[in-house]
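Input: a single structure, listed below in structure tokens.
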Amino acid sequence: MKISLFRPLRAEVLAVCLSLLLVLFFNMPFWQRLYGIVSPLDAHGVKMLGLAFVLVTAFFSLLLQLLVWPKIGKPLLTALLLTTAGVSYFMNQYGVLIDMNMVRNAMQTDGAEVRDLLTVKMVLTVLLLGGLPSLWLWKTPVLYRPPLRELGVRVVALLVSAVVLVAVAMVGYQDFASLFRNNRELRFALTPTNYLQATSSYIKRVTAKPAVLQKVGEDASRTAPWSAGSKPRVLVIVVGETARADHFSLNGYPRQTNPQLARIPGLINYPDTWACGTETAISVPCMFSALPREKFDADEAKHRENLLDILQRTGIQVAWRDNNSGCKEVCNRVPTEMVFGDKNPAFCADGECFDDILLDGLPQRLKALKGDAVIVLHQKGSHGPAYYKRYPKAYERFTPVCRTSELQKCSRQDIINGFDNTILYTDAILAKTIAALQAEPAVAGGMIYLSDHGESLGENNMYLHATPYLVAPDAQKHIPMVAWFSPAWQQAAGMQQACLQQDSKQRYSQDNLFHSVLGLMGVKTALY
């Protein structure tokens, strides 16, 4: 008896087959996490895994039966298989979870970052994991009954899936209630429901009716100016990218990743500083917002004034210079330069630029200033996975280096070597920024640096960032922060270096930036 791989199938049978395919081959991250939670595999653990398998299969079967209809069924299922294969690749490759913020992060990623992620392995994975099942799907005839009868059978099939779902849920109710309540990350690991739900939420938010811009700090005004004849104050805020606090030698990291900053007199290091997000799309607008992390919402922030608006309203000159993927709506109402697509061969090649381009023209800008100013420099920093592209060759001190975006092909040490070289380069950028401020005698200069978030470098097989904050490791939330103020600034403002150094050991977060900058720039408001 010859068995054909492409034998005709009823629609409900096809839905079950594809459900099993999704459960068994597209959801390794989900089963790995679940196994880690229920292990060791005693009788209870085996029961939990078995019930979860039936529960997820019935759930997927119910969903897929809603898609399998004449003419539209195969195109919809093909799109689902190929997309899910791509999502599954990234989850397996980098250990990421998928929620709405991850979708937002993906939508706002620039072209250079996309190129870093598009690898031969990814293409092969999508072709094998998604393409082969799609080929089987198109070669398999689907037998549909007359319309009314097909509808009746489909209702029965849906009811059967629903009954199985309810039955399994009742049998394991206490266990599942506890499991999903205490391990919320599981729902971010189950694909395709994770990215479908996240994408739906993202689309609803971005297509919502535009809100009226909410004014913030309308009472803001300048306090009494510094003593007559004092220099204008110029604060440079360097917003870092993906730097980890525990890879700064200033914080005790055994490798010398901050050799230049360590030699700068008066530098203030803040070793216990925390991000309010694990991705740029959240952390950057959050750090410039008047709202603390617990009350911050990225979508509301688009329609709400921030720190830069308040500074500009009081007459302070504000400028944003960006070598990343944009300011995430923060700089919408202030003078802005996006330099990440520049063609200057001194700084740029292959469609992206080294962070030295942020400092190009800074001395001339400082010399031309006529009053107080805040300049924001947004780094490319340590953005992965192609760490080796983020620094000039002269800064490749730690070797060998991983030279592919397929991090699984590299040893963890080679990945760390590349990342540490990016920190070494950031150290140089910050030292050059301070040197430029020191070299301009007409201004009293200051600098604050803080990274937007951290980065996972293979701990627990997790890479990159953007893990949901609730379950994100400290590596993605504990960030470096340093500050420096010239003697002229400290003298005019009445700062005491010893006091600053003593207070730097306290716990801080990106929530502190808003209020600190208002105070430094002499802005008075009820928000302060």
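Letters A, B, ... go to the chains of the structure tokens in the order shown; residues in each chain start at 1; ligands are counted from 1 in the same order.
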Contacts of His44 in chain A at 12 Å (only C-alpha atoms; same-chain gap of 6+ positions) as a count of residues only: 7
Please, which residues of range 202-380 of chain A, numbered as in this document, come out strand (DSSP E) from DSSP, as a tab-separated table (two decimals) with N, CA and C atoms, in the first residue's frame?
chain	number	residue	atom	x	y	z
A	221	SER	N	10.58	78.74	34.42
A	221	SER	CA	11.29	80.01	34.22
A	221	SER	C	12.71	79.85	34.71
A	222	ARG	N	13.57	80.77	34.31
A	222	ARG	CA	14.95	80.72	34.76
A	222	ARG	C	15.09	81.36	36.12
A	233	ARG	N	26.57	78.45	30.45
A	233	ARG	CA	26.74	77.02	30.74
A	233	ARG	C	26.25	76.19	29.56
A	234	VAL	N	27.05	75.21	29.21
A	234	VAL	CA	26.72	74.32	28.09
A	234	VAL	C	26.78	72.89	28.61
A	235	LEU	N	25.64	72.23	28.61
A	235	LEU	CA	25.56	70.85	29.08
A	235	LEU	C	25.40	69.93	27.88
A	236	VAL	N	26.31	68.97	27.74
A	236	VAL	CA	26.21	67.95	26.70
A	236	VAL	C	25.70	66.67	27.35
A	237	ILE	N	24.56	66.19	26.87
A	237	ILE	CA	24.01	64.92	27.36
A	237	ILE	C	24.30	63.87	26.29
A	238	VAL	N	25.11	62.89	26.64
A	238	VAL	CA	25.41	61.80	25.72
A	238	VAL	C	24.52	60.61	26.08
A	239	VAL	N	23.60	60.28	25.19
A	239	VAL	CA	22.72	59.14	25.40
A	239	VAL	C	23.38	57.92	24.77
A	240	GLY	N	23.83	57.00	25.61
A	240	GLY	CA	24.52	55.81	25.13
A	240	GLY	C	23.55	54.78	24.59
A	268	ILE	N	32.70	62.08	37.76
A	268	ILE	CA	31.82	61.49	38.77
A	268	ILE	C	31.19	60.24	38.16
A	269	ASN	N	31.38	59.11	38.77
A	269	ASN	CA	30.82	57.84	38.29
A	269	ASN	C	29.66	57.42	39.17
A	273	THR	N	23.05	52.67	38.76
A	273	THR	CA	22.06	53.39	37.96
A	273	THR	C	21.28	52.40	37.11
A	274	TRP	N	19.97	52.65	36.96
A	274	TRP	CA	19.08	51.68	36.33
A	274	TRP	C	18.22	52.33	35.25
A	317	GLN	N	19.11	77.26	24.55
A	317	GLN	CA	19.29	76.67	23.23
A	317	GLN	C	19.39	75.15	23.37
A	318	VAL	N	18.62	74.44	22.55
A	318	VAL	CA	18.58	72.98	22.62
A	318	VAL	C	18.87	72.42	21.23
A	319	ALA	N	19.67	71.36	21.17
A	319	ALA	CA	19.96	70.70	19.90
A	319	ALA	C	20.10	69.20	20.13
A	320	TRP	N	19.68	68.41	19.15
A	320	TRP	CA	19.78	66.95	19.21
A	320	TRP	C	20.55	66.48	17.97
A	321	ARG	N	21.59	65.68	18.20
A	321	ARG	CA	22.40	65.13	17.10
A	321	ARG	C	22.40	63.62	17.25
A	322	ASP	N	21.99	62.90	16.19
A	322	ASP	CA	21.65	61.49	16.33
A	322	ASP	C	22.43	60.60	15.37
A	336	THR	N	17.29	69.50	15.14
A	336	THR	CA	17.76	68.11	15.13
A	336	THR	C	18.61	67.83	13.90
A	337	GLU	N	19.65	67.04	14.10
A	337	GLU	CA	20.48	66.55	13.00
A	337	GLU	C	20.57	65.03	13.08
A	338	MET	N	20.12	64.35	12.04
A	338	MET	CA	20.25	62.90	11.95
A	338	MET	C	21.45	62.58	11.06
A	348	CYS	N	32.20	57.41	8.06
A	348	CYS	CA	31.12	56.51	7.64
A	348	CYS	C	31.55	55.56	6.53
A	349	ALA	N	30.97	54.38	6.56
A	349	ALA	CA	31.18	53.39	5.50
A	349	ALA	C	30.08	52.35	5.58
A	352	GLU	N	26.65	53.13	7.53
A	352	GLU	CA	26.55	53.57	8.92
A	352	GLU	C	27.83	54.28	9.33
A	353	CYS	N	27.75	55.01	10.45
A	353	CYS	CA	28.84	55.88	10.86
A	353	CYS	C	29.31	55.55	12.27
A	373	ALA	N	23.08	76.47	26.86
A	373	ALA	CA	22.65	75.50	25.85
A	373	ALA	C	22.72	74.09	26.41
A	374	VAL	N	21.84	73.22	25.85
A	374	VAL	CA	21.88	71.78	26.12
A	374	VAL	C	21.97	71.09	24.76
A	375	ILE	N	23.00	70.28	24.60
A	375	ILE	CA	23.23	69.54	23.35
A	375	ILE	C	23.14	68.05	23.67
A	376	VAL	N	22.28	67.33	22.95
A	376	VAL	CA	22.13	65.88	23.15
A	376	VAL	C	22.80	65.15	22.00
A	377	LEU	N	23.68	64.20	22.33
A	377	LEU	CA	24.35	63.35	21.35
A	377	LEU	C	23.86	61.93	21.57
A	378	HIS	N	23.22	61.35	20.56
A	378	HIS	CA	22.63	60.01	20.68
A	378	HIS	C	23.52	59.02	19.94
Distance criterion (only C-alpha atoms): nearest to Asp474 in chain A out of A:Leu148, A:Leu457, A:Ala436, A:Val334: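 Using only C-alpha atoms, the shortest distance to Asp474 in chain A belongs to A:Leu457.
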Residue nearest Val284 in chain A among A:Ser451, A:Asn258, A:Gln93, A:Gln32 (counting only C-alpha atoms): A:Ser451
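When CA of Ser516 in chain A is paired with CA of Tyr528 in chain A, their separation reads 8.6 Å.
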Those of range 451-514 of chain A in DSSP helix (DSSP H, G or I), formatted as a list in words: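 Restricting range 451-514 of chain A to helix (DSSP H, G or I) produces Glu459, Asn460, Asn461, Asp474, Ala475, Gln476, Pro487, Ala488, Trp489, Gln490, Gln491, Ala492, Ala493, Gln497, Ala498, Cys499, Leu500, Gln501, Gln502, Asp503, Asp511, Asn512, Leu513 and Phe514 of chain A.
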Exercise: range 291-295 of chain A partners within 12 Å, only C-alpha atoms, chain neighbours under 6 positions left out, as a list in words: Val216, Gly217, Trp274, Ala275, Cys276, Gly277, Thr278, Ile282, Ser283, Val284, Pro285, Ala301, Arg304, Glu305, Asn306, Leu307, Tyr469, Leu470, Ser509, Gln510, Asp511, Asn512, Leu513, Phe514, His515, Leu527 and Tyr528 of chain A
Selection: 6 Å around Ser19 in chain A, only C-alpha atoms, excl. self and same-chain fewer than 5 positions, as a list in words: Thr57, Phe60 and Ser61 of chain A
Can you spit out the residues from that selection as a PDB file, in the first residue's frame, using N, CA and C atoms?
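The resulting again_20.pdb:
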ATOM      1  N   THR A  57      -2.007  22.526  21.557  1.00  0.00           N
ATOM      2  CA  THR A  57      -2.412  21.956  20.267  1.00  0.00           C
ATOM      3  C   THR A  57      -3.886  22.243  19.991  1.00  0.00           C
ATOM      4  N   PHE A  60      -4.265  26.012  19.132  1.00  0.00           N
ATOM      5  CA  PHE A  60      -3.832  26.326  17.773  1.00  0.00           C
ATOM      6  C   PHE A  60      -4.806  25.752  16.746  1.00  0.00           C
ATOM      7  N   SER A  61      -5.309  24.545  17.003  1.00  0.00           N
ATOM      8  CA  SER A  61      -6.252  23.925  16.079  1.00  0.00           C
ATOM      9  C   SER A  61      -7.514  24.766  15.950  1.00  0.00           C
TER      10      SER A  61
END
Spatial neighbours of Asn421 in chain A, max dist 9 Å, only C-alpha atoms, sep filter under 6 positions, as JSON, numbers by chain: {"A": [257, 382, 387, 388, 390, 391, 395, 396, 397, 398, 399]}
Nearest candidate to Ala493 in chain A (options A:Gln65, A:Thr223, A:Asn105, A:Thr191; using only C-alpha atoms): A:Thr223
Shortest interatomic distance to Leu129 in chain A - which of A:Leu97, A:Met107, A:Ala112, A:Val87, counting only C-alpha atoms: A:Val87
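Among A:Gly341, A:Pro70, A:Pro271, A:Pro265, the residue with the shortest atom-to-atom distance to Glu150 in chain A, counting only C-alpha atoms, is A:Pro70.
With distances restricted to only C-alpha atoms, A:Leu311 is the closest residue to Gly522 in chain A from A:Cys286, A:Leu311, A:Val160, A:Val212.
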d(CA of Gly519 in chain A, CA of Leu366 in chain A) in Å: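 The value is 21.4 Å.
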Long-range neighbours of Ser486 in chain A as a list in words, 8 Å cut-off, only C-alpha atoms, 6 positions minimum in chain: Gln438, Ala444, Gly445 and Gly446 of chain A
Distance in Å - CA of Lys215 in chain A versus CA of Phe296 in chain A: 15.8 Å
Spatial neighbours of Pro210 in chain A, max dist 10 Å, only C-alpha atoms, sep filter under 3 positions, as an MDAnalysis selection string: chainID A and resid 205:207 213 302:303
